Structures are given as structure tokens and as C-alpha cells.
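Below is one structure; the comments refer to it alone.
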There are 4 protein chains.
Amino acid sequence: LKEFIWSVRVYYEDTDAGGVVYHSQYLNYMERARTEFLRHEGFMQTNLRDEMGILFVVRDMHVRYRKPARFDDYLQIRTRLKEVRRSLLIFEQDIYRQTDLITLASAEVVCIDAKTFKPTAIPDKLLAQFK
Amino acid sequence: LKEFIWSVRVYYEDTDAGGVVYHSQYLNYMERARTEFLRHEGFMQTNLRDEMGILFVVRDMHVRYRKPARFDDYLQIRTRLKEVRRSLLIFEQDIYRQTDLITLASAEVVCIDAKTFKPTAIPDKLLAQFK
Amino acid sequence: LKEFIWSVRVYYEDTDAGGVVYHSQYLNYMERARTEFLRHEGFMQTNLRDEMGILFVVRDMHVRYRKPARFDDYLQIRTRLKEVRRSLLIFEQDIYRQTDLITLASAEVVCIDAKTFKPTAIPDKLLAQFK
Amino acid sequence: LKEFIWSVRVYYEDTDAGGVVYHSQYLNYMERARTEFLRHEGFMQTNLRDEMGILFVVRDMHVRYRKPARFDDYLQIRTRLKEVRRSLLIFEQDIYRQTDLITLASAEVVCIDAKTFKPTAIPDKLLAQFK
């Protein structure tokens with residue numbers, strides 16, 4: 001399974017009074033990585049929306065927290081496209097600080113019509129490339 | 001000058017690794033208070049957008065930080081509409097923890113056309129009530 | 001199973017350019033509800049930390065998104081303490097907009113030593129009350 | 001006046017239902033740029049805190065919003081250290097999208113003792129380099 005790596009820096013805005021990255025912030029990091037994965041594959045989400053009339057939205061997210069990340073850490077997000085269905089992408093995403101595993105996640109992302117917000121088939125061009 | 005008071009609780013999401021409320025979070029608190037001020041005056045922003053085609057957006061924001069607020073603090077935001085112009089509202093907003101002054105702000109909010117994003121006159125009904 | 005209900009208002013800060021609440025924001029709403037559940041049961045997290053030297057941190061979070069919530073929605077978070085172990089609390093949390101189910105979640109929250117960040121037993125006083 | 005340029009990408013998390021970057025988010029971008037400016041000058045904030053016992057916190061922030069930034073925009077933050085006092089740094093920061101001026105800000109950042117949270121003199125080593 002091919003892996004796409006994207007790095008993020010932890011800033012003060014990402015941390016909480018416990019001294020560590022706030023738990024929901026990892027979901028933001030993971031979405032940044034999926035956005036950059038799509039861009040890397042040649043697809044910009046603004047084009048998908050404006051030209052193809054579709055959006056990708058998260059339908060299911062499962063996150064396991066292993067170790068805390070802290071201010072100024074430099075993290076690597078490893079993203080794998082595990083499964084491709086007619087209107088659904090299933091991603092596995094791990095966040096590392098070098099060799100330390102910080103967070104693991106599984107994300108189901110559904111392709112929806114940008115107007116009706118109903119699930120719709122992923123355009124063939126994307127589907128072909130993802131498979 | 002009439003004053004509108006709105007209270008907020010500080011949650012973990014609002015704090016940073018310094019143990020205090022993250023500085024940009026106060027702007028969110030202040031916008032919550034302006035939203036509730038408008039609601040209190042009988043105007044819901046969803047209606048203003050959908051029925052009148054207008055949005056209120058921040059054009060200028062000046063914030064002075066006096067004391068830090070911390071996790072679980074219960075804060076009071078005191079909002080005063082200081083000046084009303086044809087397409088501009090100027091608010092003064094202070095954030096207190098009981099008698100402790102935490103943050104002071106001045107916010108200029110401009111009325112724009114929801115489609116063109118250009119400044120437009122505040123509808124007469126609002127203008128009359130604000131004055 | 002007893003249920004604790006806490007309401008939140010959706011502000012602009014919570015939404016994204018898709019016009020709906022940003023997916024990670026629901027985790028913040030759910031933590032607000034868990035904080036208020038603890039307060040309702042007589043426990044303030046600042047006291048737990050300062051007097052008992054413990055913190056509660058999220059170890060596992062599973063969220064399913066059913067319907068989008070939008071700006072100005074008034075949401076109800078229904079929180080149930082499903083399971084209590086020696087150092088672990090398992091919560092079920094649903095978010096509703098009146099009768100519409102918006103989001104479902106399961107959250108594992110572990111009791112840790114505030115200094116070492118290692119799991120530690122939940123103090124008897126809390127354990128007794130939760131059981 | 002020397003200028004430090006740092007770029008950021010706008011992700012969904014940064015936008016609101018108005019379709020544009022949420023106004024408080026620009027303060028986060030500006031703090032990222034100040035953090036990277038300090039790093040570029042050889043100072044990591046974790047070291048400043050752990051070794052020198054100091055933190056830099058925002059005391060005053062004035063932001064003027066000129067044009068909206070949108071999802072997927074690539075923005076450049078131009079940071080200039082305008083004035084250096086005994087315990088205060090005054091920054092000017094502009095955010096551009098290529099040649100479009102999006103936001104202007106002036107930020108006063110005060111050096112405080114990490115324990116007492118009282119203003120303290122900026123260590124000579126930093127002061128020398130900043131001047």
C-alpha cells in the first residue's frame with residue numbers, strides 16, 4: 001500500500017493547558033494530510049467542487065491516542081488509501097514524531113454532491129487513479 | 001451607553017501550553033457575544049443573510065490583553081455599540097472574570113452584500129433599532 | 001443508564017467553508033459536555049488536578065457523522081457513562097438538533113497522573129460515585 | 001527594516017461558513033510566523049522557556065482586514081521587528097496572497113517570567129541579536 005507523508009509543526013494554537021496537543025487537533029492535521037495527498041495526486045478540492053460539483057466529507061473517524069505531542073514538535077503524518085468504493089474512500093493515517101507513534105486513525109470519507117449534500121459516485125477520473 | 005453581557009466558560013480547547021487562554025480565542029468569545037447581542041435585539045444572522053442578503057464581517061480589531069484567563073474560568077463579555085454609521089458598527093467589548101479585567105477590545109464590523117462581499121448600507125430596520 | 005444533557009450554540013468559529021460545522025469541532029463539543037457532566041457530579045477538573053494530581057485524557061475516540069449541523073443551530077449533547085474501570089471511563093455521546101441525530105461518538109477517557117502522564121487509578125471518591 | 005517571510009496554506013479548518021478564513025485565524029498565522037522568525041534567528045521557544053525561564057506573550061494586537069482569503073489559498077506572512085525595548089518586542093506583520101494584501105497587523109509581544117507571569121527583561125543574548 002502506497003504511503004503519502006506530510007509533516008506539520010506543532011504551534012501554541014494546537015496545544016492545551018495540559019501542555020500537549022489538544023486531542024481534536026489531530027483530526028485537523030489528518031485532514032491537512034488528506035488535502036495534500038489529493039493535491040499530490042493532481043486533484044485540488046476547489047476544482048473538484050467548482051468543476052465537478054463534489055465535496056469529500058468525513059463520515060466516520062476513529063482515533064487512538066498513544067503518546068502526547070508537544071509544542072514545537074515536528075510530526076509526520078503517514079496516509080494510506082486503504083479502500084476505494086463507488087462513493088467512499090477509507091484512509092489509514094498514523095502520526096509519528098520521528099520513530100514515536102503518537103496517534104493512529106481510520107477515516108471514512110464520502111463523496112457528496114456539493115449542492116444536495118447527498119452521496120454521489122466518485123468521478124471516474126479520480127476512481128481510476130485511486131485504483 | 002447600553003451594555004449587553006454574555007458569559008462564556010473556558011474549556012480545554014480554549015487554552016494553550018502556557019496554561020492560559022490562547023490569545024486569538026478571545027476574538028471568538030467576542031464574536032459569540034456580538035452574535036448574541038444581535039439575537040437579543042431580535043436579529044438572527046441567518047435571517048439577515050437569507051432574507052436581507054447581508055453579512056456582518058470584522059474589518060478592524062484591536063485587542064489589549066491585561067490578565068490571563070485560565071481553564072474553567074467563567075468570563076463575562078461586556079459589549080457596547082459605540083457608534084453606528086451607514087454600513088459600519090463600532091463595538092467596545094471588555095472581558096471580565098468577575099471584577100478582574102482580562103481583555104479589552106474595539107471591533108469595527110462592516111455590513112456587506114452576501115454575494116459581492118462589497119460594503120452595503122445597513123437595512124433601515126436594524127439602523128433604526130441601533131440608533 | 002443515566003443521561004446528562006448539555007446544549008451548545010453553533011457559532012461562525014465552529015463552521016467551515018462547506019457551510020457546516022467542521023468535523024473536529026464535534027470533539028470539542030463532546031469534551032465540553034464531559035467537563036459539565038463532571039461538574040454536575042460535583043467534580044471540577046481544576047480540583048482533580050491541583051488536589052488529587054490527576055487528569056482525564058482521551059485515549060480513544062470514535063465518531064460517526066450522520067447529518068451536518070449549521071451556523072446558529074442549537075445542539076443537545078446526550079452523554080452516558082457506559083463503563084467504569086479502574087483507570088478508565090467509557091462514554092457514549094450523541095449530538096442532536098432537537099430530534100435530528102447529528103453525530104454519535106464513543107470516547108475512552110483515561111485517568112493519568114498529572115506529573116508522569118502515566119495511567120493511574122481513579123480516586124475512590126469518584127469511582128464510588130460513578131458506580 | 002529586515003523582513004522575514006513565512007508561508008501558510010489555508011485548510012478547511014481555517015475557514016467559516018462565509019466561505020472565507022475566519023477572522024481570528026489570522027492571529028494564529030501571525031503567531032506561527034513569529035515562532036518561525038525566532039527559530040530563524042536561532043531561538044527556540046521551548047529553550048527560552050526551559051533554559052531561560054521566559055515566555056513571549058501577546059499584550060496588544062491590532063488587525064485590519066482588507067480582503068478575504070479562501071480555502072486552499074497560499075499566503076505569505078511578512079514579519080518585521082519594528083521596535084525592541086527592555087521587555088517588549090513590537091512586530092509589524094502583513095499577510096499577502098501573492099500581490100494581494102489580505103491583512104495587516106501590529107503586535108506587541110512582552111517577555112514574561114514563565115513562573116510569575118510578570119514582565120521581565122529580554123535576555124541580553126536575544127536583545128543583542130534583535131538590535
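Order determines the names: the first chain of the C-alpha cells is A, the second B, and so forth; residues in each chain are numbered 1 upward, and ligands are numbered 1 upward as they are shown.
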
Chain C residues within 12 Å of chain D, counting only C-alpha atoms: which ones, as a list in words?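 The selection requested is Val10, Tyr11, Tyr12, Glu13, Asp14, Thr15, Asp16, Ala17, Gly18, Gly19, Val20, Val21, Tyr22, His23, Ser24, Gln25, Ala69, Arg70, Phe71 and Asp72 of chain C.
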
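For region 30-43 of chain A, the list of residues within 7 Å, based on only C-alpha atoms and with local chain neighbours fewer than 3 positions off taken out, reads Phe4, Trp6, Tyr26, Leu27 and Ile77 of chain A; Tyr11 of chain D.
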
Who sits within 12 Å of Ile95 (chain A), only C-alpha atoms, same chain under 4 positions skipped, as a PyMOL selection string: chain A and resi 4-9+25-30+33+63-69+73-80+99-106

Would you pick out the contacts of Val57 (chain A) at 8 Å or less, using only C-alpha atoms, so that residues sharing its chain but fewer than 4 positions from it are not included, and give the list as a PDB file with all heavy atoms, in the first residue's frame?
ATOM      1  N   VAL A 109     -14.225   8.700   4.207  1.00  0.00           N
ATOM      2  CA  VAL A 109     -14.532   9.981   3.576  1.00  0.00           C
ATOM      3  C   VAL A 109     -15.484   9.706   2.419  1.00  0.00           C
ATOM      4  O   VAL A 109     -15.186   8.911   1.541  1.00  0.00           O
ATOM      5  CB  VAL A 109     -13.234  10.639   3.073  1.00  0.00           C
ATOM      6  CG1 VAL A 109     -13.534  11.900   2.292  1.00  0.00           C
ATOM      7  CG2 VAL A 109     -12.307  10.937   4.248  1.00  0.00           C
ATOM      8  N   VAL A 110     -16.628  10.373   2.436  1.00  0.00           N
ATOM      9  CA  VAL A 110     -17.643  10.094   1.426  1.00  0.00           C
ATOM     10  C   VAL A 110     -17.720  11.248   0.421  1.00  0.00           C
ATOM     11  O   VAL A 110     -17.523  12.410   0.770  1.00  0.00           O
ATOM     12  CB  VAL A 110     -19.018   9.810   2.100  1.00  0.00           C
ATOM     13  CG1 VAL A 110     -19.546  11.032   2.825  1.00  0.00           C
ATOM     14  CG2 VAL A 110     -20.025   9.274   1.116  1.00  0.00           C
ATOM     15  N   CYS A 111     -17.939  10.879  -0.831  1.00  0.00           N
ATOM     16  CA  CYS A 111     -18.065  11.860  -1.908  1.00  0.00           C
ATOM     17  C   CYS A 111     -19.523  12.307  -1.963  1.00  0.00           C
ATOM     18  O   CYS A 111     -20.422  11.474  -2.111  1.00  0.00           O
ATOM     19  CB  CYS A 111     -17.662  11.196  -3.225  1.00  0.00           C
ATOM     20  SG  CYS A 111     -17.757  12.289  -4.651  1.00  0.00           S
ATOM     21  N   ILE A 112     -19.752  13.616  -1.817  1.00  0.00           N
ATOM     22  CA  ILE A 112     -21.131  14.111  -1.849  1.00  0.00           C
ATOM     23  C   ILE A 112     -21.304  15.175  -2.930  1.00  0.00           C
ATOM     24  O   ILE A 112     -20.343  15.825  -3.344  1.00  0.00           O
ATOM     25  CB  ILE A 112     -21.579  14.699  -0.482  1.00  0.00           C
ATOM     26  CG1 ILE A 112     -20.729  15.919  -0.099  1.00  0.00           C
ATOM     27  CG2 ILE A 112     -21.553  13.645   0.618  1.00  0.00           C
ATOM     28  CD1 ILE A 112     -21.296  16.702   1.078  1.00  0.00           C
TER      29      ILE A 112
END

Could you tell me, as a PyMOL selection string, which residues of chain C DSSP assigns to helix (DSSP H, G or I) when given the backbone? chain C and resi 12-14+25-40+45-52+124-130

Name the residues of region 18-72 of chain A that fall into strand (DSSP E) according to DSSP on the backbone, using the chain letters and numbers of this document, as a ChimeraX atom specification. /A:54-65

Writer output for current selection, C-alpha atoms, as a tab-separated table (two decimals), in the first residue's frame:
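again12.tsv was written with the following content:
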chain	number	residue	atom	x	y	z
A	54	ILE	CA	-18.41	17.35	-5.47
A	55	LEU	CA	-17.09	17.58	-1.93
A	56	PHE	CA	-15.36	14.98	0.21
A	57	VAL	CA	-16.64	14.91	3.79
A	58	VAL	CA	-15.75	12.76	6.77
A	59	ARG	CA	-18.42	10.17	7.66
A	60	ASP	CA	-16.56	8.15	10.27
A	61	MET	CA	-13.41	8.83	12.24
A	62	HIS	CA	-11.71	6.52	14.71
A	63	VAL	CA	-8.66	7.90	16.53
A	64	ARG	CA	-6.42	6.19	19.06
A	65	TYR	CA	-4.04	8.33	21.11

If you measure from CA of Leu81 (chain A) to CA of Phe117 (chain A), what distance in Å do you get, rounded to one decimal?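 Between these atoms lies a distance of 22.9 Å.
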
What separation in Å, quoted to one decimal, exists between CA of Ala114 (chain A) and CA of Val84 (chain A)?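 Between CA of Ala114 (chain A) and CA of Val84 (chain A) the gap works out to 20.0 Å.
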
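One distance worth recording is that between CA of Lys131 (chain A) and CA of Ile90 (chain A), which is 12.4 Å.
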